[in-house]
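One structure is given here, and the rest of the page talks about it.
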Amino acid sequence: MAKATKVINNLLVGVVTLINAEALSMGVSAGLDITRMVDLLSDGIVGSTVLRSYMGRYVRDGRYGDGLIGHRLMAKDLALAAELADQVGAPAHFARLGRQLYLTCSRTLGPNAQFPSAFDYFRGSAGAAHTEGTS
């Protein structure tokens, strides 16, 4: 039970971090201030420890935190979540998609870059998409 709980916790942390990274990147691309977004969203219905800790530290201190695992290890954790889902006959759509995104971040930013730096991946993708759209 403890192992399954840890796997589920890591799934939630990994996927919530990705959606925060994508949403905040979108907001920045739309001209919103990231500090203000994090403050407002943290106090609302979508507020979470993940948002307040990783992105909160980023906007306050310019870093994601200490002792955080890299993209490669987060991809492994999400693979474990997909395996657990297979074992119990549950869907694992977000575990599998999240794993692929962390593998992409690993290739782009480095396997040991802290997993909340997925925000940097989305920011880079947003810039590339914006540039491609204006060509």
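If you're wondering about the labels, chains in the structure tokens are A, B, ... by order shown, residues count from 1 in each chain, ligands from 1 in order shown.
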>> Can you pull out the residues contacting A:Asp77? Cut-off 8 Å, using only C-alpha atoms, and skip same-chain residues under 3 positions away; I want them as JSON, numbers by chain.
In response: {"A": [7, 10, 11, 73, 74, 80, 81]}
Please produce a file of those selected residues containing N, CA and C atoms, as a PDB file, in the first residue's frame.
ATOM      1  N   VAL A   7       3.699   5.970  -5.552  1.00  0.00           N
ATOM      2  CA  VAL A   7       3.591   6.045  -7.010  1.00  0.00           C
ATOM      3  C   VAL A   7       2.485   7.024  -7.406  1.00  0.00           C
ATOM      4  N   ASN A  10       3.596  10.617  -6.699  1.00  0.00           N
ATOM      5  CA  ASN A  10       4.546  11.081  -7.707  1.00  0.00           C
ATOM      6  C   ASN A  10       3.853  11.361  -9.042  1.00  0.00           C
ATOM      7  N   LEU A  11       2.845  10.553  -9.378  1.00  0.00           N
ATOM      8  CA  LEU A  11       2.053  10.817 -10.578  1.00  0.00           C
ATOM      9  C   LEU A  11       1.392  12.185 -10.475  1.00  0.00           C
ATOM     10  N   LEU A  73      14.356  10.980 -13.986  1.00  0.00           N
ATOM     11  CA  LEU A  73      13.774  10.243 -12.856  1.00  0.00           C
ATOM     12  C   LEU A  73      12.261  10.456 -12.757  1.00  0.00           C
ATOM     13  N   MET A  74      11.794  11.647 -13.100  1.00  0.00           N
ATOM     14  CA  MET A  74      10.345  11.861 -13.076  1.00  0.00           C
ATOM     15  C   MET A  74       9.682  11.021 -14.167  1.00  0.00           C
ATOM     16  N   LEU A  80       6.377   4.065 -13.707  1.00  0.00           N
ATOM     17  CA  LEU A  80       5.918   3.206 -12.607  1.00  0.00           C
ATOM     18  C   LEU A  80       4.409   3.368 -12.388  1.00  0.00           C
ATOM     19  N   ALA A  81       3.920   4.592 -12.521  1.00  0.00           N
ATOM     20  CA  ALA A  81       2.480   4.825 -12.378  1.00  0.00           C
ATOM     21  C   ALA A  81       1.706   4.111 -13.487  1.00  0.00           C
TER      22      ALA A  81
END
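Taking only C-alpha atoms into account, A:Gly70 lies nearest to A:Ala118 out of the set A:Ala118, A:Ala85, A:Met55, A:Met1.
Proximity ranking of A:Leu109, A:Ile69, A:Val28, A:Ala75 relative to A:Phe94 places A:Ala75 first, based on only C-alpha atoms.
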> DSSP says alpha helix (DSSP H) for which residues of stretch 21-131 of chain A? Put them as JSON, numbers by chain?
Replying inline: {"A": [21, 22, 23, 24, 25, 26, 27, 28, 29, 34, 35, 36, 37, 38, 39, 40, 41, 42, 49, 50, 56, 57, 58, 59, 60, 61, 71, 72, 73, 74, 75, 76, 77, 78, 79, 80, 81, 82, 83, 84, 85, 86, 87, 88, 93, 94, 95, 96, 97, 98, 99, 100, 101, 102, 103, 104, 105, 106, 107, 108, 109, 118, 119, 120, 121, 122, 123, 124, 125, 126, 127, 128, 129, 130, 131]}
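The list of residues with at least one atom within 10 Å of A:Arg63, based on only C-alpha atoms and without residues fewer than 4 positions apart in the same chain, reads A:Tyr54, A:Met55, A:Gly56, A:Arg57, A:Tyr58, A:Val59, A:Gln114, A:Pro116, A:Ser117.
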>> Quick check, in Å to one decimal: how far apart do atom CA of A:Ile19 and atom CA of A:Arg107 lie?
In response: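 According to the coordinates, atom CA of A:Ile19 and atom CA of A:Arg107 are separated by 19.1 Å.
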> Quick one: residues within 7 Å of A:Ser25, only C-alpha atoms counted, chain neighbours fewer than 6 positions away excluded, as an MDAnalysis selection string?
Replying inline: chainID A and resid 119 122:123
Can you pull out the residues contacting A:Leu103? Cut-off 8 Å, using only C-alpha atoms, and skip same-chain residues under 3 positions away; I want them as a PDB file with N, CA, C and O atoms, in the first residue's frame.
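The result, written out as out_31.pdb:
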ATOM      1  N   HIS A  71      14.402  15.338 -14.837  1.00  0.00           N
ATOM      2  CA  HIS A  71      13.380  14.890 -15.785  1.00  0.00           C
ATOM      3  C   HIS A  71      13.423  13.382 -16.013  1.00  0.00           C
ATOM      4  O   HIS A  71      12.386  12.733 -16.113  1.00  0.00           O
ATOM      5  N   ARG A  72      14.614  12.822 -16.098  1.00  0.00           N
ATOM      6  CA  ARG A  72      14.750  11.383 -16.352  1.00  0.00           C
ATOM      7  C   ARG A  72      14.109  10.573 -15.230  1.00  0.00           C
ATOM      8  O   ARG A  72      13.374   9.613 -15.487  1.00  0.00           O
ATOM      9  N   ALA A  75      10.330  10.905 -15.316  1.00  0.00           N
ATOM     10  CA  ALA A  75       9.801  10.037 -16.377  1.00  0.00           C
ATOM     11  C   ALA A  75       9.715   8.596 -15.877  1.00  0.00           C
ATOM     12  O   ALA A  75       8.740   7.891 -16.150  1.00  0.00           O
ATOM     13  N   ARG A  99       4.994  11.071 -18.933  1.00  0.00           N
ATOM     14  CA  ARG A  99       6.291  10.420 -19.130  1.00  0.00           C
ATOM     15  C   ARG A  99       6.923  10.899 -20.438  1.00  0.00           C
ATOM     16  O   ARG A  99       8.100  11.238 -20.482  1.00  0.00           O
ATOM     17  N   GLN A 100       6.132  10.935 -21.499  1.00  0.00           N
ATOM     18  CA  GLN A 100       6.662  11.394 -22.793  1.00  0.00           C
ATOM     19  C   GLN A 100       7.130  12.846 -22.719  1.00  0.00           C
ATOM     20  O   GLN A 100       8.171  13.193 -23.279  1.00  0.00           O
ATOM     21  N   SER A 106      13.851  16.009 -20.858  1.00  0.00           N
ATOM     22  CA  SER A 106      15.164  15.428 -20.587  1.00  0.00           C
ATOM     23  C   SER A 106      16.095  15.617 -21.779  1.00  0.00           C
ATOM     24  O   SER A 106      17.265  15.992 -21.616  1.00  0.00           O
ATOM     25  N   ARG A 107      15.574  15.372 -22.967  1.00  0.00           N
ATOM     26  CA  ARG A 107      16.398  15.552 -24.182  1.00  0.00           C
ATOM     27  C   ARG A 107      16.700  17.025 -24.428  1.00  0.00           C
ATOM     28  O   ARG A 107      17.779  17.373 -24.891  1.00  0.00           O
ATOM     29  N   PRO A 111      18.836  15.481 -18.666  1.00  0.00           N
ATOM     30  CA  PRO A 111      18.143  14.491 -17.841  1.00  0.00           C
ATOM     31  C   PRO A 111      18.127  14.823 -16.356  1.00  0.00           C
ATOM     32  O   PRO A 111      17.228  14.402 -15.645  1.00  0.00           O
TER      33      PRO A 111
END
> Interatomic distance between atom CA of A:Asp43 and atom CA of A:Cys105?
Replying inline: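 If I compute the distance from atom CA of A:Asp43 to atom CA of A:Cys105, I get 28.4 Å.
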> What is the distance between atom CA of A:Arg52 and atom CA of A:Asp39, in Å to one decimal?
Replying inline: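 For atom CA of A:Arg52 relative to atom CA of A:Asp39, the distance reads 8.1 Å.
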> Pick from A:Glu22, A:Asp120, A:Ala79, A:Ser29: nearest to A:His93, with only C-alpha atoms counted?
Replying inline: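 Once distances to A:His93 are computed over only C-alpha atoms, the minimum belongs to A:Ala79.
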>> Which residue is closest to A:Leu101? Choose from A:Gln87, A:Ser42, A:Ser48, A:Thr17 and count only C-alpha atoms.
In response: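 Nearest candidate to A:Leu101 out of A:Gln87, A:Ser42, A:Ser48, A:Thr17: A:Thr17.
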> When distances are computed from only C-alpha atoms, which of A:Leu41, A:Val15, A:Val46, A:Ala92 shows the smallest separation from A:Gly27?
Replying inline: A:Leu41
